[in-house]
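Asks: upload_2.cif (mmCIF, C-alpha atoms) pasted underneath:
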data_start
loop_
_atom_site.label_atom_id
_atom_site.label_comp_id
_atom_site.auth_asym_id
_atom_site.auth_seq_id
_atom_site.Cartn_x
_atom_site.Cartn_y
_atom_site.Cartn_z
CA MET D 239 0.00 0.00 0.00
CA SER D 240 1.39 3.41 -0.98
CA LEU D 241 1.90 6.12 1.59
CA ASN D 242 0.46 8.65 -0.89
CA ASP D 243 -2.97 6.88 -0.95
CA PRO D 244 -5.52 9.44 0.38
CA GLN D 245 -7.49 6.64 2.01
CA TRP D 246 -4.47 5.24 3.86
CA GLY D 247 -5.55 4.90 7.48
CA ASN D 248 -9.20 5.98 6.73
CA ARG D 249 -10.69 2.90 5.09
CA GLY D 250 -13.90 1.64 6.66
CA ASN D 251 -14.22 4.84 8.68
CA ASP D 252 -16.33 7.02 6.29
CA GLY D 253 -19.40 8.31 8.16
CA ASN D 254 -18.91 5.86 11.00
CA ASP D 255 -16.66 7.84 13.26
CA ASP D 256 -17.00 6.54 16.76
CA GLY D 257 -16.32 10.01 18.05
CA GLY D 258 -13.07 8.99 19.70
CA GLY D 259 -10.89 8.96 16.64
CA GLY D 260 -10.20 5.26 17.20
CA ARG D 261 -10.02 2.60 14.58
CA ARG D 262 -11.51 -0.76 14.15
CA PRO D 263 -9.47 -3.91 14.20
CA ASN D 264 -7.70 -4.76 10.91
CA GLN D 265 -8.31 -1.26 9.51
CA GLY D 266 -4.57 -0.35 9.12
CA PRO D 267 -2.67 2.54 10.70
CA PRO D 268 -4.41 5.79 11.66
CA ASP D 269 -4.60 8.89 9.48
CA LEU D 270 -1.50 11.05 10.01
CA ASP D 271 -3.32 14.26 9.13
CA GLN D 272 -5.97 13.51 11.71
CA LEU D 273 -3.33 12.76 14.33
CA TRP D 274 -1.66 16.07 13.60
CA ARG D 275 -4.92 17.97 13.94
CA ASP D 276 -5.73 16.24 17.20
CA LEU D 277 -2.29 17.08 18.55
CA ASN D 278 -2.79 20.73 17.66
CA ARG D 279 -6.16 20.79 19.42
CA ARG D 280 -4.75 19.29 22.59
CA LEU D 281 -1.94 21.82 22.63
CA SER D 282 -4.32 24.66 22.02
CA GLY D 283 -6.54 23.45 24.86
CA ILE D 284 -3.63 23.27 27.26
CA PHE D 285 -2.51 26.83 26.46
CA ASP D 286 -6.07 28.13 26.69
CA LYS D 287 -6.51 26.65 30.17
CA LYS D 288 -3.29 28.27 31.30
CA ARG D 289 -4.49 31.61 29.99
CA GLY D 290 -7.90 31.17 31.71
CA GLY D 291 -9.88 31.30 28.50
CA GLY D 292 -12.01 28.27 29.40
CA ASP D 293 -13.62 26.11 26.75
CA ARG D 294 -14.09 27.62 23.32
CA GLY D 295 -16.80 26.75 20.90
CA GLY D 296 -16.10 25.30 17.51
CA ASP D 297 -15.59 22.08 15.78
CA GLY D 298 -12.74 21.01 17.97
CA GLY D 299 -14.76 21.19 21.16
CA ASP D 300 -17.05 18.36 20.22
CA ARG D 301 -14.27 15.72 19.87
CA PRO D 302 -12.70 14.01 22.84
CA PRO D 303 -8.89 14.19 23.21
CA VAL D 304 -6.82 11.65 21.38
CA GLN D 305 -4.95 9.14 23.51
CA PHE D 306 -1.40 8.54 22.23
CA SER D 307 -0.09 5.02 22.79
CA PRO D 308 2.82 2.92 21.48
CA LYS D 309 0.42 0.70 19.64
CA PHE D 310 -1.21 3.73 18.05
CA LEU D 311 2.10 5.26 16.80
CA GLY D 312 4.06 2.08 16.08
CA GLY D 313 2.69 1.23 12.64
CA GLY D 314 3.40 4.16 10.28
CA ILE D 315 6.16 5.94 12.14
CA GLY D 316 8.19 2.76 12.65
CA LEU D 317 7.97 1.87 8.97
CA LEU D 318 9.04 5.35 8.01
CA LEU D 319 12.00 5.25 10.36
CA VAL D 320 13.13 1.89 9.00
CA LEU D 321 12.88 3.23 5.46
CA VAL D 322 14.92 6.31 6.32
CA LEU D 323 17.54 4.17 8.06
CA VAL D 324 17.91 1.88 5.04
CA VAL D 325 18.30 4.84 2.69
CA TRP D 326 20.86 6.42 5.01
CA LEU D 327 22.93 3.26 5.22
CA ALA D 328 22.71 2.71 1.45
CA SER D 329 24.21 6.17 0.87
CA GLY D 330 27.52 4.79 2.14
CA PHE D 331 28.12 2.69 -0.99
CA TYR D 332 30.42 4.17 -3.67
CA ILE D 333 32.35 2.89 -6.71
CA VAL D 334 36.06 3.46 -7.35
CA ASP D 335 36.96 3.13 -11.05
CA ALA D 336 40.20 1.69 -12.42
CA GLY D 337 42.96 4.24 -12.27
CA GLN D 338 41.41 5.97 -9.26
CA ARG D 339 41.86 5.88 -5.53
CA GLY D 340 39.18 6.56 -2.96
CA LEU D 341 40.06 8.63 0.11
CA VAL D 342 37.75 8.04 3.09
CA LEU D 343 37.33 10.92 5.53
CA GLN D 344 35.95 10.49 9.03
CA PHE D 345 34.53 13.73 10.40
CA GLY D 346 36.64 15.58 7.81
CA ARG D 347 39.92 13.85 8.68
CA TYR D 348 41.70 11.29 6.46
CA LYS D 349 41.14 7.71 7.60
CA GLU D 350 42.04 5.28 4.79
CA SER D 351 42.43 4.72 1.06
CA SER D 352 40.33 2.33 -0.99
CA GLU D 353 41.24 0.36 -4.11
CA PRO D 354 39.11 0.16 -7.29
CA GLY D 355 35.78 -1.63 -6.92
CA LEU D 356 32.51 -1.32 -5.00
CA ARG D 357 33.20 0.06 -1.53
CA TRP D 358 31.19 1.04 1.52
CA ARG D 359 31.78 3.55 4.26
CA LEU D 360 29.75 4.93 7.10
CA PRO D 361 27.16 7.35 5.75
CA TYR D 362 27.39 11.10 5.96
CA PRO D 363 28.02 12.98 8.24
CA ILE D 364 30.14 10.34 9.94
CA GLN D 365 32.28 9.54 6.91
CA SER D 366 32.69 10.87 3.39
CA HIS D 367 34.90 10.00 0.45
CA GLU D 368 36.79 11.70 -2.38
CA LEU D 369 37.88 10.09 -5.68
CA VAL D 370 41.30 10.97 -7.09
CA ASN D 371 42.52 10.02 -10.59
CA ILE D 372 46.10 8.76 -10.35
CA ALA D 373 46.48 7.16 -13.81
CA GLY D 374 45.72 10.17 -16.01
CA VAL D 375 48.63 12.23 -17.37
CA ARG D 376 48.18 15.92 -16.64
CA THR D 377 49.75 18.60 -18.82
CA LEU D 378 50.88 22.05 -17.75
CA GLU D 379 51.81 24.76 -20.27
CA VAL D 380 54.31 27.45 -19.37
CA GLY D 381 54.84 30.47 -21.61
CA TYR D 382 51.87 29.78 -23.88
CA ARG D 383 48.29 28.54 -23.85
CA GLY D 384 46.95 26.13 -26.42
CA THR D 385 49.27 27.02 -29.33
CA GLU D 386 52.75 28.50 -29.53
CA ARG D 387 51.37 31.67 -31.10
CA ASN D 388 49.27 32.37 -28.05
CA LYS D 389 52.20 33.52 -25.93
CA VAL D 390 52.22 34.52 -22.30
CA LEU D 391 55.20 36.87 -22.18
CA LYS D 392 55.10 37.17 -18.42
CA GLU D 393 56.01 33.50 -18.16
CA ALA D 394 58.07 33.10 -21.36
CA LEU D 395 60.64 35.94 -21.15
CA MET D 396 63.76 34.97 -19.18
CA LEU D 397 67.24 36.41 -18.63
CA THR D 398 70.36 34.36 -19.42
CA ASP D 399 73.78 34.42 -17.80
CA ASP D 400 75.23 36.67 -20.53
CA GLU D 401 72.42 39.23 -19.95
CA ASN D 402 70.33 38.34 -22.98
CA ILE D 403 66.55 37.93 -23.01
CA ILE D 404 65.06 34.83 -24.60
CA ASN D 405 61.54 33.56 -25.10
CA ILE D 406 61.04 29.98 -23.85
CA GLN D 407 57.87 27.90 -24.10
CA PHE D 408 57.72 24.44 -22.61
CA ALA D 409 55.19 21.87 -21.43
CA VAL D 410 55.26 19.74 -18.27
CA GLN D 411 53.57 16.34 -18.02
CA TYR D 412 53.03 14.80 -14.59
CA ILE D 413 51.04 12.12 -12.79
CA LEU D 414 50.11 11.47 -9.17
CA LYS D 415 52.22 9.09 -7.12
CA ASP D 416 50.64 9.79 -3.70
CA PRO D 417 46.98 10.89 -3.71
CA VAL D 418 46.99 11.54 0.04
CA ASP D 419 49.75 14.15 -0.20
CA TYR D 420 48.18 15.57 -3.35
CA VAL D 421 44.84 16.21 -1.62
CA PHE D 422 45.80 17.06 1.95
CA ALA D 423 49.42 18.35 2.00
CA ASN D 424 48.89 21.41 -0.23
CA ARG D 425 46.01 23.77 -0.83
CA ASN D 426 46.41 23.99 -4.63
CA PRO D 427 48.97 21.46 -5.93
CA ASP D 428 48.38 22.20 -9.63
CA GLU D 429 49.19 25.85 -9.09
CA ALA D 430 52.26 24.75 -7.13
CA VAL D 431 53.44 22.76 -10.15
CA MET D 432 53.13 25.88 -12.31
CA GLN D 433 55.19 27.96 -9.90
CA VAL D 434 57.81 25.23 -9.43
CA ALA D 435 58.17 24.76 -13.20
CA GLU D 436 58.69 28.46 -13.80
CA THR D 437 61.14 28.71 -10.92
CA ALA D 438 63.21 25.74 -12.07
CA ILE D 439 63.48 26.83 -15.71
CA ARG D 440 64.41 30.39 -14.73
CA GLN D 441 67.16 29.10 -12.46
CA ILE D 442 68.64 26.92 -15.20
CA VAL D 443 68.43 29.60 -17.89
CA GLY D 444 69.98 32.18 -15.57
CA LYS D 445 73.07 29.99 -15.12
CA ASN D 446 73.77 29.33 -18.82
CA LYS D 447 74.66 31.29 -21.94
CA MET D 448 72.15 32.24 -24.59
CA ASP D 449 73.61 30.01 -27.33
CA PHE D 450 73.66 27.01 -25.01
CA VAL D 451 69.99 27.39 -24.12
CA LEU D 452 68.83 27.99 -27.70
CA TYR D 453 70.91 25.43 -29.61
CA GLU D 454 73.50 23.32 -27.88
CA GLY D 455 71.80 22.35 -24.64
CA ARG D 456 68.05 22.35 -25.25
CA GLU D 457 67.71 18.70 -24.33
CA GLN D 458 70.01 19.09 -21.36
CA VAL D 459 68.01 22.08 -20.10
CA ALA D 460 64.80 20.00 -20.25
CA VAL D 461 66.36 17.06 -18.38
CA THR D 462 67.88 19.30 -15.71
CA ALA D 463 64.60 21.18 -15.27
CA SER D 464 62.71 17.90 -14.79
CA GLN D 465 65.12 16.77 -12.06
CA LEU D 466 65.06 20.13 -10.27
CA MET D 467 61.25 20.29 -10.37
CA GLN D 468 60.96 16.80 -8.90
CA GLU D 469 63.30 17.72 -6.04
CA ILE D 470 61.26 20.81 -5.18
CA LEU D 471 57.91 18.99 -5.39
CA ASP D 472 59.17 16.17 -3.18
CA ARG D 473 60.39 18.72 -0.67
CA TYR D 474 56.90 20.19 -0.42
CA LYS D 475 55.23 16.71 -0.37
CA THR D 476 52.87 17.37 -3.25
CA GLY D 477 52.54 13.70 -4.25
CA ILE D 478 53.32 14.59 -7.90
CA LEU D 479 55.70 12.75 -10.22
CA ILE D 480 57.15 14.66 -13.21
CA SER D 481 57.10 12.37 -16.24
CA LYS D 482 58.45 14.66 -18.99
CA VAL D 483 59.45 18.23 -19.72
CA THR D 484 59.27 19.21 -23.42
CA MET D 485 60.82 22.37 -24.88
CA GLN D 486 58.27 23.64 -27.38
CA ASN D 487 60.08 26.76 -28.54
CA ALA D 488 63.16 28.76 -27.60
CA GLN D 489 64.08 31.91 -29.49
CA PRO D 490 65.07 35.53 -28.92
CA PRO D 491 62.39 38.22 -28.70
CA GLU D 492 60.71 39.26 -31.93
CA GLN D 493 62.17 42.78 -31.74
CA VAL D 494 65.75 41.51 -32.23
CA GLN D 495 65.04 38.40 -34.30
CA ALA D 496 66.58 39.77 -37.54
CA ALA D 497 69.82 40.88 -35.89
CA PHE D 498 70.04 37.61 -34.06
CA ASP D 499 69.67 35.65 -37.33
CA ASP D 500 72.56 37.61 -38.86
CA ALA D 501 74.73 36.85 -35.84
CA VAL D 502 73.85 33.18 -36.10
CA LYS D 503 74.79 33.05 -39.79
CA ALA D 504 78.12 34.71 -39.08
CA SER D 505 78.78 32.25 -36.31
CA GLN D 506 77.96 29.34 -38.61
CA ASP D 507 80.31 30.68 -41.32
CA ARG D 508 83.08 30.99 -38.77
CA ALA D 509 82.50 27.44 -37.58
CA ARG D 510 82.49 26.16 -41.19
CA GLN D 511 85.78 27.84 -42.04
CA LYS D 512 87.30 26.63 -38.83
CA ASN D 513 86.25 23.08 -39.65
CA GLU D 514 87.73 23.34 -43.16
CA GLY D 515 91.05 24.54 -41.76
CA GLN D 516 91.03 21.79 -39.20
CA ALA D 517 90.34 19.21 -41.92
CA TYR D 518 93.30 20.48 -43.97
CA ALA D 519 95.52 20.38 -40.91
CA ASN D 520 94.36 16.85 -40.15
CA ASP D 521 95.39 15.84 -43.69
CA VAL D 522 98.82 17.54 -43.84
CA ILE D 523 100.12 17.05 -40.33
CA PRO D 524 99.79 13.24 -40.22
CA ARG D 525 101.56 12.88 -43.57
CA ALA D 526 104.40 15.16 -42.45
CA ARG D 527 104.69 13.25 -39.22
CA GLY D 528 104.75 9.96 -41.14
CA THR D 529 107.50 11.18 -43.48
CA ALA D 530 109.55 12.46 -40.55
CA SER D 531 109.08 9.17 -38.73
CA ARG D 532 110.14 7.21 -41.82
CA LEU D 533 113.29 9.30 -42.28
CA PHE D 534 114.09 8.95 -38.63
CA GLU D 535 113.70 5.19 -38.77
CA GLU D 536 115.83 4.97 -41.94
CA SER D 537 118.58 7.04 -40.35
CA GLU D 538 118.39 4.95 -37.24
CA GLY D 539 118.66 1.78 -39.32
CA TYR D 540 121.65 3.18 -41.25
CA LYS D 541 123.28 4.11 -37.99
CA GLN D 542 122.78 0.65 -36.54
CA ARG D 543 124.04 -0.98 -39.77
CA VAL D 544 127.21 1.12 -39.89
CA ILE D 545 127.92 0.56 -36.23
CA ALA D 546 127.29 -3.17 -36.54
CA THR D 547 129.53 -3.39 -39.64
CA ALA D 548 132.31 -1.48 -37.95
CA GLU D 549 132.03 -3.58 -34.84
CA GLY D 550 132.03 -6.77 -36.94
CA ASP D 551 135.09 -5.64 -38.90
CA ALA D 552 136.87 -4.71 -35.69
CA SER D 553 135.98 -8.02 -34.11
CA ARG D 554 137.12 -9.92 -37.23
CA PHE D 555 140.38 -7.99 -37.30
CA THR D 556 140.95 -8.76 -33.64
CA GLN D 557 140.34 -12.45 -34.17
CA ILE D 558 142.58 -12.55 -37.27
CA TYR D 559 145.30 -10.71 -35.40
CA ALA D 560 145.16 -13.24 -32.59
CA GLU D 561 145.52 -16.09 -35.08
CA TYR D 562 148.28 -14.21 -36.94
CA ALA D 563 150.23 -13.85 -33.73
CA LYS D 564 150.07 -17.60 -33.25
CA ALA D 565 150.95 -18.62 -36.87
CA PRO D 566 151.92 -15.75 -39.17
CA GLU D 567 152.78 -17.87 -42.23
CA VAL D 568 149.64 -19.91 -42.19
CA THR D 569 147.45 -16.92 -41.51
CA ARG D 570 149.05 -14.93 -44.31
CA SER D 571 148.54 -17.76 -46.77
CA ARG D 572 144.96 -18.23 -45.69
CA MET D 573 144.24 -14.54 -46.09
CA TYR D 574 145.80 -14.57 -49.53
CA LEU D 575 143.77 -17.54 -50.66
CA ASP D 576 140.51 -16.11 -49.26
CA THR D 577 141.14 -12.82 -51.00
CA MET D 578 141.91 -14.43 -54.35
CA GLN D 579 138.84 -16.67 -54.01
CA GLU D 580 136.65 -13.66 -53.42
CA VAL D 581 138.18 -11.80 -56.38
CA TYR D 582 137.89 -14.73 -58.78
CA ALA D 583 134.33 -15.42 -57.71
CA ASN D 584 133.26 -11.96 -58.93
CA THR D 585 134.98 -12.06 -62.37
CA SER D 586 134.18 -13.89 -65.58
CA LYS D 587 137.77 -14.05 -66.84
CA VAL D 588 140.32 -16.82 -66.33
CA LEU D 589 143.97 -15.99 -65.67
CA VAL D 590 146.64 -18.50 -66.66
CA ASP D 591 150.37 -18.48 -66.27
CA SER D 592 151.78 -17.06 -69.46
CA LYS D 593 155.37 -18.08 -68.61
CA GLY D 594 154.53 -21.72 -68.70
CA GLN D 595 154.77 -23.73 -71.87
CA GLY D 596 151.81 -25.55 -73.30
CA ASN D 597 148.48 -25.07 -74.95
CA LEU D 598 146.14 -22.25 -73.88
CA LEU D 599 143.21 -23.43 -71.75
CA TYR D 600 140.14 -21.31 -72.47
CA LEU D 601 136.98 -21.57 -70.37
CA PRO D 602 134.00 -19.35 -71.41
CA LEU D 603 132.79 -18.81 -67.87
CA ASP D 604 130.61 -15.81 -68.76
CA LYS D 605 128.58 -17.81 -71.23
CA LEU D 606 128.31 -20.75 -68.87
CA ILE D 607 127.00 -18.47 -66.13
CA GLN D 608 124.46 -16.87 -68.47
CA ALA D 609 123.26 -20.28 -69.66
CA ALA D 610 122.88 -21.48 -66.07
CA GLY D 611 120.89 -18.33 -65.18
CA ALA D 612 118.59 -18.81 -68.18
CA VAL D 613 117.94 -22.40 -67.18
CA ALA D 614 117.08 -21.39 -63.63
CA ALA D 615 114.73 -18.63 -64.82
CA SER D 616 112.95 -20.77 -67.46
CA PRO D 617 109.34 -21.91 -66.61
CA GLY D 618 110.25 -25.56 -67.15
CA GLY D 619 112.99 -25.45 -64.51
CA ALA D 620 114.24 -28.95 -63.89
CA ALA D 621 112.24 -30.38 -66.81
CA SER D 622 114.36 -28.52 -69.37
CA SER D 623 117.64 -29.23 -67.63
CA PRO D 624 118.46 -32.43 -69.61
CA GLU D 625 118.57 -30.46 -72.87
CA THR D 626 120.72 -27.67 -71.46
CA PRO D 627 124.17 -29.33 -71.68
CA ALA D 628 123.68 -30.08 -75.36
CA ALA D 629 122.63 -26.54 -76.11
CA VAL D 630 125.57 -25.21 -74.17
CA ALA D 631 127.88 -27.56 -76.02
CA ARG D 632 126.53 -26.39 -79.40
CA SER D 633 126.80 -22.70 -78.56
CA SER D 634 130.22 -22.88 -76.89
CA PRO D 635 133.55 -23.38 -78.65
CA PRO D 636 135.28 -26.71 -78.17
CA ILE D 637 137.24 -27.13 -74.97
CA SER D 638 140.60 -28.69 -75.20
CA ASN D 639 141.07 -31.64 -72.89
CA GLU D 640 144.75 -32.06 -73.60
CA VAL D 641 147.10 -31.61 -70.68
CA PRO D 642 150.45 -29.95 -71.45
CA PRO D 643 153.17 -32.57 -71.28
CA GLN D 644 155.52 -30.14 -69.56
CA MET D 645 153.22 -29.77 -66.54
CA SER D 646 154.15 -32.47 -64.21
CA GLU D 647 153.64 -32.97 -60.54
CA GLY D 648 157.11 -31.74 -59.65
CA ARG D 649 156.74 -28.60 -61.69
CA SER D 650 153.44 -27.81 -60.06
CA ARG D 651 154.92 -28.03 -56.58
CA GLU D 652 157.86 -25.84 -57.59
CA ASN D 653 155.53 -23.20 -58.95
CA LEU D 654 153.59 -23.11 -55.72
CA ARG D 655 156.75 -22.70 -53.69
CA GLN D 656 157.92 -19.89 -55.96
CA ARG D 657 154.62 -18.07 -55.59
CA ASP D 658 154.80 -18.41 -51.84
CA ARG D 659 158.32 -16.88 -51.85
CA GLU D 660 157.21 -13.98 -54.00
CA ALA D 661 154.30 -13.30 -51.72
CA ARG D 662 156.63 -13.14 -48.75
#
Turn the structure described in the file into C-alpha cells.
Replies:
Amino acid sequence: MSLNDPQWGNRGNDGNDDGGGGRRPNQGPPDLDQLWRDLNRRLSGIFDKKRGGGDRGGDGGDRPPVQFSPKFLGGGIGLLLVLVLVVWLASGFYIVDAGQRGLVLQFGRYKESSEPGLRWRLPYPIQSHELVNIAGVRTLEVGYRGTERNKVLKEALMLTDDENIINIQFAVQYILKDPVDYVFANRNPDEAVMQVAETAIRQIVGKNKMDFVLYEGREQVAVTASQLMQEILDRYKTGILISKVTMQNAQPPEQVQAAFDDAVKASQDRARQKNEGQAYANDVIPRARGTASRLFEESEGYKQRVIATAEGDASRFTQIYAEYAKAPEVTRSRMYLDTMQEVYANTSKVLVDSKGQGNLLYLPLDKLIQAAGAVAASPGGAASSPETPAAVARSSPPISNEVPPQMSEGRSRENLRQRDREAR
C-alpha cells in the first residue's frame, strides 16, 4: 500500500466515526493528518486553560482528546524510520573506477584509502569520500596557452647568464604518485606545479649562456629542469611525479630576431671555415709526421748498420790478429787464398800463367754463367735441364782436354813454392 494513498488509514471509517478517533481492528494505521490535527487541538486546549480562556466553541470542542499510545504510533512511524535508516545506510556505498583511488574521511579527517571496486563507508556525516585520478597524465603549459602563437610573455621571457633575453615555451607532463599528499598536504597542488616549473626553468636559464639554451643544450636544459622540479615537489610533499618536460620553442624576442639571425649566420660561417682549416691540418700534419718518422727510422737503421759493420770488422780484425800472432805464415797464406777466391768469384775471366809452356786453356765462364741463369729462370725449370748441356755444347767453342806434357807434378809443386816466396 502506498503512503500517498488518500485513504491510507481511513478505510472503513467514512461516516462511521465513533467520536473517539479510534479505529476498528484490521483497519490499518491511523490517518496522520488527523493525528496532527488532534495534537494541535490538545496543545491549544492546554494553552487556553493556562491563559484562563475556558472552553471555546467550535468544531474542535465536540471531539474528545486523542490518547497517544505505542500501539497507536508504532505502525506508520516505525515503517518510516526503517525506510529512512535503510536509505541512510545505502548512501555509504560508492564505486572506485580503475585508475582511481578513494580517500575516506571520518569527520573531515583522512582515515584510509580504498582500491578500485565497489566500496562502503559509514554514511554522511560520519564519513565521506573523495575520488582521485592517479592514472591520467596531466599537462601544464608554461609560456603559452593552447598554441605557440598564443604567448604569455610574463612566463616566457627569461634572462640568461650573458644578460640576454630569450623567449622559452615548454610543457610539463606529470602524474600522481601519492593521492593523500596531493589532496591534503597542499592547498592547490596544480598551481604549485606551475610555480615550481617556472622557478626551475628560470634558475637553469639564468646559469647558462644564450647560445647554449637555444641550440646546444636544449635537451640538457629540459632534463635538468625535470630533475630540479621533482626535487622541489618532493620537498613540499605534493605527491606529484614529473614524467616529462618538453621544450616547445626557444628563441630571442621578436624585436631583435633579424639581428640575431645575422649573428647566427656569421657564427655558422666561422665554424664552417674553422672546420675546413682543421680538416686540412688533419690531412697535412699526419703525412708530415709519417714522413719524418720514416726518415728517422731509416737514419736509425743506417746508424745501426754502420755501427754493426764497424764492430764486426773490428771483431774480425781482432780475431785474425790473434791467429796471426800464433801462426803468421799460415794466416798470411789463408788470407791470400781467401782474397783471391773472393776476387775470382766476382769475375768472368780466367787468368793462366803465361810463362809456362803448353796449350792455352780457355773456359768461357761468362757464357756458362748466363746459360745457367737462363735455365734457372725458365718456366720448365728442372724439366728442361736435360737439354741444357747439349745446347751449351753447341753454342760454346770446343774445350781442349789435352794436358800440357811439360806440366808435371814436380813442376806444379815448384811453382807453388815460388809463388809463396814472392808473396813473402
Asks: Figure out the distance between atom CA of D:Gln516 and atom CA of D:Glu457, please, to one decimal in Å.
Replies: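 Value for the atom CA of D:Glu457-atom CA of D:Gln516 distance: 27.8 Å.
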Asks: Which residues of stretch 388-451 of chain D come within 12 Å of stretch 356-368 of chain D, and for each one, what is the closest pair of atoms and their distance in Å to one decimal, counting all atoms listed in the file, sorted by chain and residue number, as JSON lines?
Replies:
{"residue": "D:Pro417", "atom": "CA", "partner": "D:Glu368", "partner_atom": "CA", "distance": 10.3}
{"residue": "D:Val418", "atom": "CA", "partner": "D:Glu368", "partner_atom": "CA", "distance": 10.5}
{"residue": "D:Val421", "atom": "CA", "partner": "D:Glu368", "partner_atom": "CA", "distance": 9.3}
{"residue": "D:Phe422", "atom": "CA", "partner": "D:Glu368", "partner_atom": "CA", "distance": 11.3}
Asks: Give me the residues near stretch 490-504 of chain D as an MDAnalysis selection string, where near means some atom within 9 Å (using only C-alpha atoms) and where sequence neighbours in that chain fewer than 3 positions away do not count.
Replies: chainID D and resid 395 402:406 448 452 507:509
Asks: What separation in Å, quoted to one decimal, exists between atom CA of D:Ile470 and atom CA of D:Gln441?
Replies: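 The value is 12.5 Å.
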Asks: Could you work out how far atom CA of D:Ala546 lies from atom CA of D:Ala565, giving the answer in Å with one decimal?
Replies: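 So the two atoms, atom CA of D:Ala565 and atom CA of D:Ala546, lie 28.3 Å apart.
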